[in-house]
Amino acid sequence: MNVHTIPRILEYHADMLADSVRVGAFRRALDAVVTPGAVVLDLGAGTGIMSALACRAGASRVYVIEEGPVLEFAEEVLKVNGFGDRVVTMRGLSTGRHLPEPVDVIVSETIGVAGFDEGILGYVMDARKRFARPGQGSPRVIPARLSLWAAPVTAAHIHDNIVGRWAEGLVELDLSPLHERASNHLYIRRIEPEWLSAPGQELANVDLATVNDTLVQGKARFSFPRATTVHGFAVWFESDLAPGITLSNAPGFAAASANVGQHWSHGFLPVLEPLAIAAGAELSLELDVNDGSLWRWSGAATPGARFEHCTAYGMPFNRAVVAA
C-alpha cells in the first residue's frame, strides 16, 4: 500500500455510490427480498452500503465480509448510521470465513464490467452451500440472475492504444513480443453504442440460486449488412436483481440517467489483427470464462480470418505450461 492507495479506493467507491440507478436498484431488491428478522450475508461489502440497506429493509443481523482495507470505512459508516449493533464485520474472502448461524439472503455486488469478471459465481456457490438453513433450501441471492452479452466493435482508436502500438515500435525498440500478449486481455473501456458494428447478443444467462459450475460458456453469430472492420468485442452484463428489478451496463444504458455508468464501463476483448468484414458476411464468436479469471474467445469471419485468444496467453509465464 502506498500514498495513492486509499485515495483511489475512496474515489472508486464514491463513484459507485454516486450511481443512483445502481444504488436504487439494489435498494428496491433488498426491500423486496429481505423480510423482518432475516439474516443477511453481504459478500464483498466495500463501504457497507448494501449492509446498511439490508438493515433498513428489516434484517436482524448482517454479516459484512470484505477483504480490503475499506472494511474499516464500512465499520465507521455502519456505526454512525445506527446499524452497529446489527452488523458483524469480517476481514478476508468469504470462502475462508465461517458464520455462527445460517443466512436467509446473500447479497453481492461483485459484478464486474463483464458481469462475471470479479468471481461472483465461486463466492456465491460457496456461501449457498455452507450457510443455508438446514432443510430450507438455498438462501435467496441478490442478484438472482446474471447474463453475459457481447457485440463486435469497430473502434480503431481503442485497438491502436492497447494492441496496435506494440507492433509499431516504441522508444526506438522492437517491442513486438508484447503485441500478441496485449491482445490476450480483458480491458475496461467505455464503449459507445455507435461503435457496435452489429447488435449485441446474449451468450449466457445464469441463475445464481441454482448454478453449480463456475464455467460460463456461450456462442453467437453476427451478421453485417455493410462492410466494416472489427477490432474486438464489447462485453457487458444484464442482471435481474429480484423479480421485476433489473440492472445493466449495456452500451447506451447511461442515457437513462445522468448518474448511471459512473462506476461501470464495459469489457473489451481485442483481436490481434483487425478483421476485415465484407458486406453480407457473418462473424462467429465462442466465449467462455472460468470463475472470472480465465477468459477465452475465438471465432471466424465467413469468409475471412480466424482468431483465438486466452487471457492466460497474456500473462508473463511459459505458454507451454498453460497448454499442457
# chains A, B, ... in the order shown; residues from 1 in each chain; ligands from 1
>>> residues_around(residues="region 65-78 of chain A", least_positions_apart="3", cutoff="6 Å", atoms="only C-alpha atoms", output="PDB file with C-alpha atoms, in the first residue's frame")
ATOM      1  CA  LEU A  43     -20.193 -10.595   0.134  1.00  0.00           C
ATOM      2  CA  GLY A  44     -17.504  -8.088  -0.874  1.00  0.00           C
ATOM      3  CA  ALA A  45     -19.180  -5.380   1.163  1.00  0.00           C
ATOM      4  CA  GLY A  46     -16.991  -2.400   0.247  1.00  0.00           C
ATOM      5  CA  THR A  47     -18.106   0.657   2.220  1.00  0.00           C
ATOM      6  CA  GLY A  48     -21.079  -1.268   3.624  1.00  0.00           C
ATOM      7  CA  ASN A  81     -25.770   5.339  10.756  1.00  0.00           C
ATOM      8  CA  PHE A  83     -26.542  -0.145  12.487  1.00  0.00           C
ATOM      9  CA  GLY A  84     -23.526  -1.084  14.590  1.00  0.00           C
ATOM     10  CA  THR A  89     -17.758  -7.381  10.136  1.00  0.00           C
ATOM     11  CA  MET A  90     -15.215  -9.953   8.961  1.00  0.00           C
ATOM     12  CA  ARG A  91     -11.987  -9.386   7.057  1.00  0.00           C
ATOM     13  CA  GLY A  92     -10.959 -11.740   4.281  1.00  0.00           C
ATOM     14  CA  LEU A  93     -12.550 -13.754   1.499  1.00  0.00           C
TER      15      LEU A  93
END
>>> select_by_dssp(residues="region 58-203 of chain A", states="strand (DSSP E)", output="PyMOL selection string")
chain A and resi 61-66+87-91+105-108+140-142+145-153+187-189+201-203
>>> closest_atom_pairs(of="region 15-122 of chain A", to="region 213-223 of chain A", cutoff="9 Å", atoms="only C-alpha atoms", output="tab-separated table")
residue	atom	partner	partner_atom	distance
A:Phe116	CA	A:Val216	CA	8.5
A:Gly119	CA	A:Thr214	CA	8.4
A:Ile120	CA	A:Thr214	CA	8.9
A:Leu121	CA	A:Thr214	CA	5.7
A:Gly122	CA	A:Thr214	CA	6.0
>>> closest_atom_pairs(of="region 247-302 of chain A", to="region 194-206 of chain A", cutoff="12 Å", atoms="only C-alpha atoms", output="tab-separated table")
residue	atom	partner	partner_atom	distance
A:Ala250	CA	A:Gly200	CA	9.0
A:Pro251	CA	A:Leu196	CA	8.7
A:Gly252	CA	A:Glu194	CA	8.9
A:Phe268	CA	A:Leu196	CA	11.5
A:Leu275	CA	A:Ser197	CA	11.9
A:Ala276	CA	A:Ser197	CA	11.9
A:Ile277	CA	A:Ser197	CA	10.1
A:Ala279	CA	A:Ser197	CA	11.7
A:Gly280	CA	A:Ala198	CA	11.9
A:Ala281	CA	A:Ala198	CA	11.5
A:Glu282	CA	A:Ala198	CA	10.2
A:Leu283	CA	A:Ala198	CA	9.8
A:Ser284	CA	A:Gln201	CA	11.5
A:Leu285	CA	A:Leu203	CA	9.4
A:Glu286	CA	A:Leu203	CA	8.7
A:Leu287	CA	A:Leu203	CA	7.9
A:Asp288	CA	A:Leu203	CA	9.3
A:Val289	CA	A:Ala204	CA	10.5
A:Trp297	CA	A:Leu203	CA	11.9
>>> write_last_selection(atoms="C-alpha atoms", output="PDB file, in the first residue's frame")
ATOM      1  CA  ALA A 250     -25.188  -2.159 -21.771  1.00  0.00           C
ATOM      2  CA  PRO A 251     -23.673   0.491 -24.056  1.00  0.00           C
ATOM      3  CA  GLY A 252     -26.097   3.388 -24.166  1.00  0.00           C
ATOM      4  CA  PHE A 268     -13.343  -5.072 -24.303  1.00  0.00           C
ATOM      5  CA  LEU A 275     -10.868  -8.278 -39.050  1.00  0.00           C
ATOM      6  CA  ALA A 276     -11.989  -7.026 -42.454  1.00  0.00           C
ATOM      7  CA  ILE A 277     -15.679  -7.948 -42.754  1.00  0.00           C
ATOM      8  CA  ALA A 279     -20.897  -6.848 -46.707  1.00  0.00           C
ATOM      9  CA  GLY A 280     -23.209  -9.778 -46.069  1.00  0.00           C
ATOM     10  CA  ALA A 281     -20.567 -11.722 -44.168  1.00  0.00           C
ATOM     11  CA  GLU A 282     -21.003 -13.363 -40.772  1.00  0.00           C
ATOM     12  CA  LEU A 283     -18.718 -13.444 -37.743  1.00  0.00           C
ATOM     13  CA  SER A 284     -18.835 -16.214 -35.148  1.00  0.00           C
ATOM     14  CA  LEU A 285     -17.814 -15.861 -31.522  1.00  0.00           C
ATOM     15  CA  GLU A 286     -17.261 -18.537 -28.890  1.00  0.00           C
ATOM     16  CA  LEU A 287     -16.555 -17.278 -25.388  1.00  0.00           C
ATOM     17  CA  ASP A 288     -16.021 -18.964 -22.058  1.00  0.00           C
ATOM     18  CA  VAL A 289     -14.954 -17.647 -18.673  1.00  0.00           C
ATOM     19  CA  TRP A 297     -12.615 -16.019 -27.064  1.00  0.00           C
TER      20      TRP A 297
END
>>> closest_atom_pairs(of="region 267-304 of chain A", to="region 165-184 of chain A", cutoff="8 Å", atoms="only C-alpha atoms", output="CSV")
residue,atom,partner,partner_atom,distance
A:Leu269,CA,A:Asn184,CA,7.7
A:Pro270,CA,A:Ser183,CA,5.6
A:Val271,CA,A:Ser183,CA,5.9
A:Leu272,CA,A:Ser183,CA,5.2
>>> atom_distance(atom1="CA of Pro102 (chain A)", atom2="CA of Asp117 (chain A)")
27.2 Å
>>> residues_around(residues="Gly37 (chain A)", least_positions_apart="2", cutoff="10 Å", atoms="only C-alpha atoms", output="list in words")
Val34, Thr35, Val39, Val40, Cys55, Ala57, Gly58, Ala59, Ser60, Arg61 and Asp104 of chain A
>>> write_last_selection(atoms="N, CA and C atoms", output="PDB file, in the first residue's frame")
ATOM      1  N   VAL A  34     -35.588  -8.997   1.527  1.00  0.00           N
ATOM      2  CA  VAL A  34     -35.295  -9.102   2.962  1.00  0.00           C
ATOM      3  C   VAL A  34     -36.584  -8.937   3.760  1.00  0.00           C
ATOM      4  N   THR A  35     -36.885  -9.913   4.570  1.00  0.00           N
ATOM      5  CA  THR A  35     -38.068  -9.855   5.431  1.00  0.00           C
ATOM      6  C   THR A  35     -37.650  -9.481   6.847  1.00  0.00           C
ATOM      7  N   VAL A  39     -31.620 -12.868   8.337  1.00  0.00           N
ATOM      8  CA  VAL A  39     -30.164 -12.815   8.481  1.00  0.00           C
ATOM      9  C   VAL A  39     -29.575 -12.707   7.083  1.00  0.00           C
ATOM     10  N   VAL A  40     -28.709 -11.724   6.881  1.00  0.00           N
ATOM     11  CA  VAL A  40     -28.199 -11.401   5.555  1.00  0.00           C
ATOM     12  C   VAL A  40     -26.679 -11.516   5.543  1.00  0.00           C
ATOM     13  N   CYS A  55     -30.148  -3.597   6.533  1.00  0.00           N
ATOM     14  CA  CYS A  55     -30.655  -3.245   7.866  1.00  0.00           C
ATOM     15  C   CYS A  55     -31.925  -2.410   7.761  1.00  0.00           C
ATOM     16  N   ALA A  57     -34.030  -2.527   5.456  1.00  0.00           N
ATOM     17  CA  ALA A  57     -35.109  -3.384   4.957  1.00  0.00           C
ATOM     18  C   ALA A  57     -35.652  -4.315   6.029  1.00  0.00           C
ATOM     19  N   GLY A  58     -34.996  -4.366   7.201  1.00  0.00           N
ATOM     20  CA  GLY A  58     -35.525  -5.164   8.301  1.00  0.00           C
ATOM     21  C   GLY A  58     -34.653  -6.295   8.779  1.00  0.00           C
ATOM     22  N   ALA A  59     -33.431  -6.443   8.251  1.00  0.00           N
ATOM     23  CA  ALA A  59     -32.556  -7.536   8.681  1.00  0.00           C
ATOM     24  C   ALA A  59     -32.227  -7.398  10.163  1.00  0.00           C
ATOM     25  N   SER A  60     -32.245  -8.527  10.862  1.00  0.00           N
ATOM     26  CA  SER A  60     -31.879  -8.514  12.280  1.00  0.00           C
ATOM     27  C   SER A  60     -30.381  -8.648  12.472  1.00  0.00           C
ATOM     28  N   ARG A  61     -29.694  -9.251  11.489  1.00  0.00           N
ATOM     29  CA  ARG A  61     -28.253  -9.426  11.547  1.00  0.00           C
ATOM     30  C   ARG A  61     -27.705  -9.425  10.132  1.00  0.00           C
ATOM     31  N   ASP A 104     -30.455 -16.112   5.473  1.00  0.00           N
ATOM     32  CA  ASP A 104     -31.654 -16.163   4.631  1.00  0.00           C
ATOM     33  C   ASP A 104     -31.438 -15.529   3.268  1.00  0.00           C
TER      34      ASP A 104
END
>>> atom_distance(atom1="CA of Thr110 (chain A)", atom2="CA of Trp264 (chain A)")
11.7 Å
>>> atom_distance(atom1="CA of Gly24 (chain A)", atom2="CA of Gly267 (chain A)")
23.3 Å
>>> residues_around(residues="Phe237 (chain A)", least_positions_apart="4", cutoff="6 Å", atoms="only C-alpha atoms", output="list in words")
Ala114, Gly115, Ser147, Leu148, Trp149 and Ser248 of chain A
>>> closest_residue(among="A:Glu101, A:Asp291, A:Asp42, A:Glu238", to="Ala150 (chain A)", atoms="only C-alpha atoms")
A:Glu238
>>> select_by_dssp(residues="region 134-270 of chain A", states="helix (DSSP H, G or I)", output="mmCIF file with all heavy atoms, in the first residue's frame")
data_model
loop_
_atom_site.group_PDB
_atom_site.id
_atom_site.type_symbol
_atom_site.label_atom_id
_atom_site.label_comp_id
_atom_site.auth_asym_id
_atom_site.auth_seq_id
_atom_site.Cartn_x
_atom_site.Cartn_y
_atom_site.Cartn_z
ATOM 1 N N ALA A 156 -11.051 1.741 -34.021
ATOM 2 C CA ALA A 156 -9.610 1.657 -34.290
ATOM 3 C C ALA A 156 -8.790 2.341 -33.203
ATOM 4 O O ALA A 156 -7.681 1.893 -32.873
ATOM 5 C CB ALA A 156 -9.311 2.274 -35.651
ATOM 6 N N HIS A 157 -9.319 3.412 -32.618
ATOM 7 C CA HIS A 157 -8.543 4.148 -31.625
ATOM 8 C C HIS A 157 -8.307 3.316 -30.364
ATOM 9 O O HIS A 157 -7.251 3.430 -29.730
ATOM 10 C CB HIS A 157 -9.240 5.463 -31.277
ATOM 11 C CG HIS A 157 -10.581 5.299 -30.632
ATOM 12 N ND1 HIS A 157 -11.692 4.826 -31.295
ATOM 13 C CD2 HIS A 157 -10.998 5.536 -29.356
ATOM 14 C CE1 HIS A 157 -12.717 4.786 -30.481
ATOM 15 N NE2 HIS A 157 -12.325 5.199 -29.294
ATOM 16 N N ILE A 158 -9.276 2.471 -29.992
ATOM 17 C CA ILE A 158 -9.075 1.612 -28.826
ATOM 18 C C ILE A 158 -8.048 0.532 -29.147
ATOM 19 O O ILE A 158 -7.118 0.277 -28.370
ATOM 20 C CB ILE A 158 -10.405 0.969 -28.389
ATOM 21 C CG1 ILE A 158 -11.379 2.035 -27.892
ATOM 22 C CG2 ILE A 158 -10.158 -0.078 -27.302
ATOM 23 C CD1 ILE A 158 -12.710 1.478 -27.435
ATOM 24 N N HIS A 159 -8.199 -0.112 -30.300
ATOM 25 C CA HIS A 159 -7.266 -1.162 -30.692
ATOM 26 C C HIS A 159 -5.847 -0.616 -30.814
ATOM 27 O O HIS A 159 -4.883 -1.242 -30.349
ATOM 28 C CB HIS A 159 -7.720 -1.804 -32.003
ATOM 29 C CG HIS A 159 -6.956 -3.033 -32.372
ATOM 30 N ND1 HIS A 159 -5.756 -2.981 -33.042
ATOM 31 C CD2 HIS A 159 -7.207 -4.352 -32.133
ATOM 32 C CE1 HIS A 159 -5.310 -4.208 -33.230
ATOM 33 N NE2 HIS A 159 -6.166 -5.062 -32.686
ATOM 34 N N ASP A 160 -5.692 0.528 -31.441
ATOM 35 C CA ASP A 160 -4.360 1.116 -31.594
ATOM 36 C C ASP A 160 -3.717 1.391 -30.245
ATOM 37 O O ASP A 160 -2.518 1.192 -30.051
ATOM 38 C CB ASP A 160 -4.436 2.417 -32.389
ATOM 39 C CG ASP A 160 -4.779 2.191 -33.848
ATOM 40 O OD1 ASP A 160 -4.687 1.030 -34.308
ATOM 41 O OD2 ASP A 160 -5.158 3.162 -34.533
ATOM 42 N N ASN A 161 -4.525 1.833 -29.293
ATOM 43 C CA ASN A 161 -3.994 2.217 -27.987
ATOM 44 C C ASN A 161 -3.548 1.020 -27.160
ATOM 45 O O ASN A 161 -2.521 1.087 -26.465
ATOM 46 C CB ASN A 161 -5.040 3.022 -27.222
ATOM 47 C CG ASN A 161 -4.545 3.471 -25.865
ATOM 48 O OD1 ASN A 161 -4.895 2.881 -24.843
ATOM 49 N ND2 ASN A 161 -3.739 4.515 -25.835
ATOM 50 N N ILE A 162 -4.279 -0.094 -27.214
ATOM 51 C CA ILE A 162 -3.964 -1.205 -26.329
ATOM 52 C C ILE A 162 -3.231 -2.354 -27.009
ATOM 53 O O ILE A 162 -2.553 -3.126 -26.333
ATOM 54 C CB ILE A 162 -5.229 -1.746 -25.629
ATOM 55 C CG1 ILE A 162 -6.229 -2.279 -26.644
ATOM 56 C CG2 ILE A 162 -5.859 -0.667 -24.770
ATOM 57 C CD1 ILE A 162 -7.486 -2.856 -26.014
ATOM 58 N N VAL A 163 -3.341 -2.463 -28.340
ATOM 59 C CA VAL A 163 -2.703 -3.581 -29.041
ATOM 60 C C VAL A 163 -1.766 -3.094 -30.138
ATOM 61 O O VAL A 163 -0.581 -3.444 -30.170
ATOM 62 C CB VAL A 163 -3.765 -4.538 -29.647
ATOM 63 C CG1 VAL A 163 -3.083 -5.666 -30.429
ATOM 64 C CG2 VAL A 163 -4.640 -5.126 -28.558
ATOM 65 N N GLY A 164 -2.298 -2.282 -31.049
ATOM 66 C CA GLY A 164 -1.568 -1.935 -32.260
ATOM 67 C C GLY A 164 -0.227 -1.280 -32.040
ATOM 68 O O GLY A 164 0.744 -1.574 -32.753
ATOM 69 N N ARG A 165 -0.125 -0.407 -31.068
ATOM 70 C CA ARG A 165 1.123 0.359 -30.928
ATOM 71 C C ARG A 165 2.296 -0.504 -30.481
ATOM 72 O O ARG A 165 3.447 -0.110 -30.663
ATOM 73 C CB ARG A 165 0.926 1.533 -29.990
ATOM 74 C CG ARG A 165 0.514 1.203 -28.575
ATOM 75 C CD ARG A 165 0.416 2.485 -27.786
ATOM 76 N NE ARG A 165 -0.115 2.289 -26.440
ATOM 77 C CZ ARG A 165 -0.136 3.241 -25.522
ATOM 78 N NH1 ARG A 165 0.337 4.439 -25.811
ATOM 79 N NH2 ARG A 165 -0.635 3.006 -24.328
ATOM 80 N N TRP A 166 2.019 -1.687 -29.909
ATOM 81 C CA TRP A 166 3.135 -2.561 -29.550
ATOM 82 C C TRP A 166 3.831 -3.100 -30.798
ATOM 83 O O TRP A 166 5.010 -3.457 -30.751
ATOM 84 C CB TRP A 166 2.639 -3.725 -28.700
ATOM 85 C CG TRP A 166 2.196 -3.320 -27.327
ATOM 86 C CD1 TRP A 166 0.932 -3.283 -26.847
ATOM 87 C CD2 TRP A 166 3.048 -2.878 -26.260
ATOM 88 N NE1 TRP A 166 0.919 -2.837 -25.540
ATOM 89 C CE2 TRP A 166 2.209 -2.592 -25.149
ATOM 90 C CE3 TRP A 166 4.423 -2.701 -26.121
ATOM 91 C CZ2 TRP A 166 2.693 -2.143 -23.932
ATOM 92 C CZ3 TRP A 166 4.921 -2.255 -24.908
ATOM 93 C CH2 TRP A 166 4.067 -1.977 -23.829
ATOM 94 N N ALA A 167 3.113 -3.186 -31.918
ATOM 95 C CA ALA A 167 3.715 -3.670 -33.159
ATOM 96 C C ALA A 167 4.439 -2.566 -33.912
ATOM 97 O O ALA A 167 5.231 -2.850 -34.819
ATOM 98 C CB ALA A 167 2.640 -4.275 -34.046
ATOM 99 N N GLU A 168 4.176 -1.320 -33.552
ATOM 100 C CA GLU A 168 4.760 -0.192 -34.284
ATOM 101 C C GLU A 168 6.173 0.119 -33.845
ATOM 102 O O GLU A 168 6.947 0.712 -34.587
ATOM 103 C CB GLU A 168 3.878 1.052 -34.077
ATOM 104 C CG GLU A 168 2.461 0.872 -34.620
ATOM 105 C CD GLU A 168 1.549 1.997 -34.191
ATOM 106 O OE1 GLU A 168 2.015 2.882 -33.433
ATOM 107 O OE2 GLU A 168 0.373 1.986 -34.586
ATOM 108 N N PRO A 177 7.234 -8.621 -29.226
ATOM 109 C CA PRO A 177 6.792 -9.745 -28.381
ATOM 110 C C PRO A 177 5.577 -9.406 -27.517
ATOM 111 O O PRO A 177 4.808 -10.304 -27.145
ATOM 112 C CB PRO A 177 8.021 -10.035 -27.504
ATOM 113 C CG PRO A 177 9.170 -9.596 -28.333
ATOM 114 C CD PRO A 177 8.679 -8.363 -29.046
ATOM 115 N N LEU A 178 5.401 -8.120 -27.223
ATOM 116 C CA LEU A 178 4.274 -7.718 -26.389
ATOM 117 C C LEU A 178 3.004 -7.456 -27.193
ATOM 118 O O LEU A 178 1.935 -7.263 -26.614
ATOM 119 C CB LEU A 178 4.637 -6.476 -25.575
ATOM 120 C CG LEU A 178 5.855 -6.633 -24.654
ATOM 121 C CD1 LEU A 178 6.067 -5.366 -23.834
ATOM 122 C CD2 LEU A 178 5.698 -7.842 -23.748
ATOM 123 N N HIS A 179 3.132 -7.472 -28.521
ATOM 124 C CA HIS A 179 1.971 -7.228 -29.376
ATOM 125 C C HIS A 179 0.908 -8.305 -29.154
ATOM 126 O O HIS A 179 -0.267 -8.007 -28.880
ATOM 127 C CB HIS A 179 2.434 -7.196 -30.839
ATOM 128 C CG HIS A 179 1.351 -6.933 -31.818
ATOM 129 N ND1 HIS A 179 1.297 -7.538 -33.052
ATOM 130 C CD2 HIS A 179 0.248 -6.143 -31.756
ATOM 131 C CE1 HIS A 179 0.235 -7.117 -33.707
ATOM 132 N NE2 HIS A 179 -0.416 -6.275 -32.947
ATOM 133 N N GLU A 180 1.316 -9.566 -29.280
ATOM 134 C CA GLU A 180 0.360 -10.649 -29.079
ATOM 135 C C GLU A 180 -0.081 -10.743 -27.627
ATOM 136 O O GLU A 180 -1.248 -11.017 -27.341
ATOM 137 C CB GLU A 180 0.970 -11.977 -29.522
ATOM 138 C CG GLU A 180 -0.018 -13.125 -29.479
ATOM 139 C CD GLU A 180 0.552 -14.410 -30.037
ATOM 140 O OE1 GLU A 180 1.664 -14.371 -30.604
ATOM 141 O OE2 GLU A 180 -0.121 -15.445 -29.902
ATOM 142 N N ARG A 181 0.844 -10.524 -26.697
ATOM 143 C CA ARG A 181 0.468 -10.556 -25.277
ATOM 144 C C ARG A 181 -0.657 -9.562 -24.992
ATOM 145 O O ARG A 181 -1.613 -9.859 -24.278
ATOM 146 C CB ARG A 181 1.672 -10.208 -24.405
ATOM 147 C CG ARG A 181 2.829 -11.168 -24.486
ATOM 148 C CD ARG A 181 2.685 -12.304 -23.518
ATOM 149 N NE ARG A 181 3.878 -13.124 -23.486
ATOM 150 C CZ ARG A 181 4.124 -14.054 -22.595
ATOM 151 N NH1 ARG A 181 3.236 -14.293 -21.646
ATOM 152 N NH2 ARG A 181 5.222 -14.761 -22.638
ATOM 153 N N ALA A 182 -0.540 -8.368 -25.545
ATOM 154 C CA ALA A 182 -1.521 -7.319 -25.272
ATOM 155 C C ALA A 182 -2.901 -7.666 -25.806
ATOM 156 O O ALA A 182 -3.908 -7.155 -25.303
ATOM 157 C CB ALA A 182 -1.048 -5.995 -25.863
ATOM 158 N N PRO A 193 -22.449 3.296 -28.007
ATOM 159 C CA PRO A 193 -23.338 2.450 -28.823
ATOM 160 C C PRO A 193 -23.027 2.495 -30.309
ATOM 161 O O PRO A 193 -23.167 1.488 -31.004
ATOM 162 C CB PRO A 193 -24.732 3.010 -28.527
ATOM 163 C CG PRO A 193 -24.606 3.795 -27.283
ATOM 164 C CD PRO A 193 -23.200 4.254 -27.175
ATOM 165 N N GLU A 194 -22.594 3.646 -30.804
ATOM 166 C CA GLU A 194 -22.338 3.767 -32.240
ATOM 167 C C GLU A 194 -21.093 3.002 -32.682
ATOM 168 O O GLU A 194 -20.850 2.847 -33.888
ATOM 169 C CB GLU A 194 -22.214 5.238 -32.640
ATOM 170 C CG GLU A 194 -21.139 6.013 -31.906
ATOM 171 C CD GLU A 194 -21.661 6.704 -30.658
ATOM 172 O OE1 GLU A 194 -22.670 6.234 -30.088
ATOM 173 O OE2 GLU A 194 -21.058 7.736 -30.281
ATOM 174 N N TRP A 195 -20.294 2.515 -31.748
ATOM 175 C CA TRP A 195 -19.117 1.712 -32.095
ATOM 176 C C TRP A 195 -19.469 0.243 -32.299
ATOM 177 O O TRP A 195 -18.630 -0.525 -32.779
ATOM 178 C CB TRP A 195 -18.038 1.822 -31.024
ATOM 179 C CG TRP A 195 -17.555 3.221 -30.780
ATOM 180 C CD1 TRP A 195 -17.759 4.322 -31.566
ATOM 181 C CD2 TRP A 195 -16.804 3.680 -29.655
ATOM 182 N NE1 TRP A 195 -17.185 5.435 -31.012
ATOM 183 C CE2 TRP A 195 -16.579 5.071 -29.826
ATOM 184 C CE3 TRP A 195 -16.290 3.059 -28.515
ATOM 185 C CZ2 TRP A 195 -15.874 5.838 -28.906
ATOM 186 C CZ3 TRP A 195 -15.583 3.810 -27.597
ATOM 187 C CH2 TRP A 195 -15.373 5.187 -27.788
ATOM 188 N N PHE A 253 -26.899 2.494 -22.058
ATOM 189 C CA PHE A 253 -27.796 2.465 -20.909
ATOM 190 C C PHE A 253 -27.682 3.735 -20.076
ATOM 191 O O PHE A 253 -28.613 4.130 -19.389
ATOM 192 C CB PHE A 253 -27.493 1.246 -20.034
ATOM 193 C CG PHE A 253 -28.494 0.994 -18.943
ATOM 194 C CD1 PHE A 253 -29.742 0.481 -19.238
ATOM 195 C CD2 PHE A 253 -28.200 1.263 -17.619
ATOM 196 C CE1 PHE A 253 -30.667 0.228 -18.255
ATOM 197 C CE2 PHE A 253 -29.121 1.026 -16.616
ATOM 198 C CZ PHE A 253 -30.357 0.511 -16.932
ATOM 199 N N ALA A 254 -26.534 4.412 -20.169
ATOM 200 C CA ALA A 254 -26.320 5.635 -19.398
ATOM 201 C C ALA A 254 -27.311 6.727 -19.759
ATOM 202 O O ALA A 254 -27.532 7.664 -18.984
ATOM 203 C CB ALA A 254 -24.892 6.140 -19.599
ATOM 204 N N ALA A 255 -27.915 6.605 -20.934
ATOM 205 C CA ALA A 255 -28.873 7.634 -21.335
ATOM 206 C C ALA A 255 -30.089 7.682 -20.423
ATOM 207 O O ALA A 255 -30.812 8.670 -20.372
ATOM 208 C CB ALA A 255 -29.326 7.385 -22.777
ATOM 209 N N ALA A 256 -30.288 6.599 -19.643
ATOM 210 C CA ALA A 256 -31.450 6.550 -18.762
ATOM 211 C C ALA A 256 -31.293 7.424 -17.528
ATOM 212 O O ALA A 256 -32.263 7.757 -16.871
ATOM 213 C CB ALA A 256 -31.723 5.102 -18.332
#
>>> closest_residue(among="A:Ala301, A:Leu208, A:Ala14, A:Ala132", to="Ala227 (chain A)", atoms="only C-alpha atoms")
A:Ala301
>>> closest_residue(among="A:Ala312, A:Met125, A:Ser293, A:Ala151", to="Thr95 (chain A)", atoms="only C-alpha atoms")
A:Met125
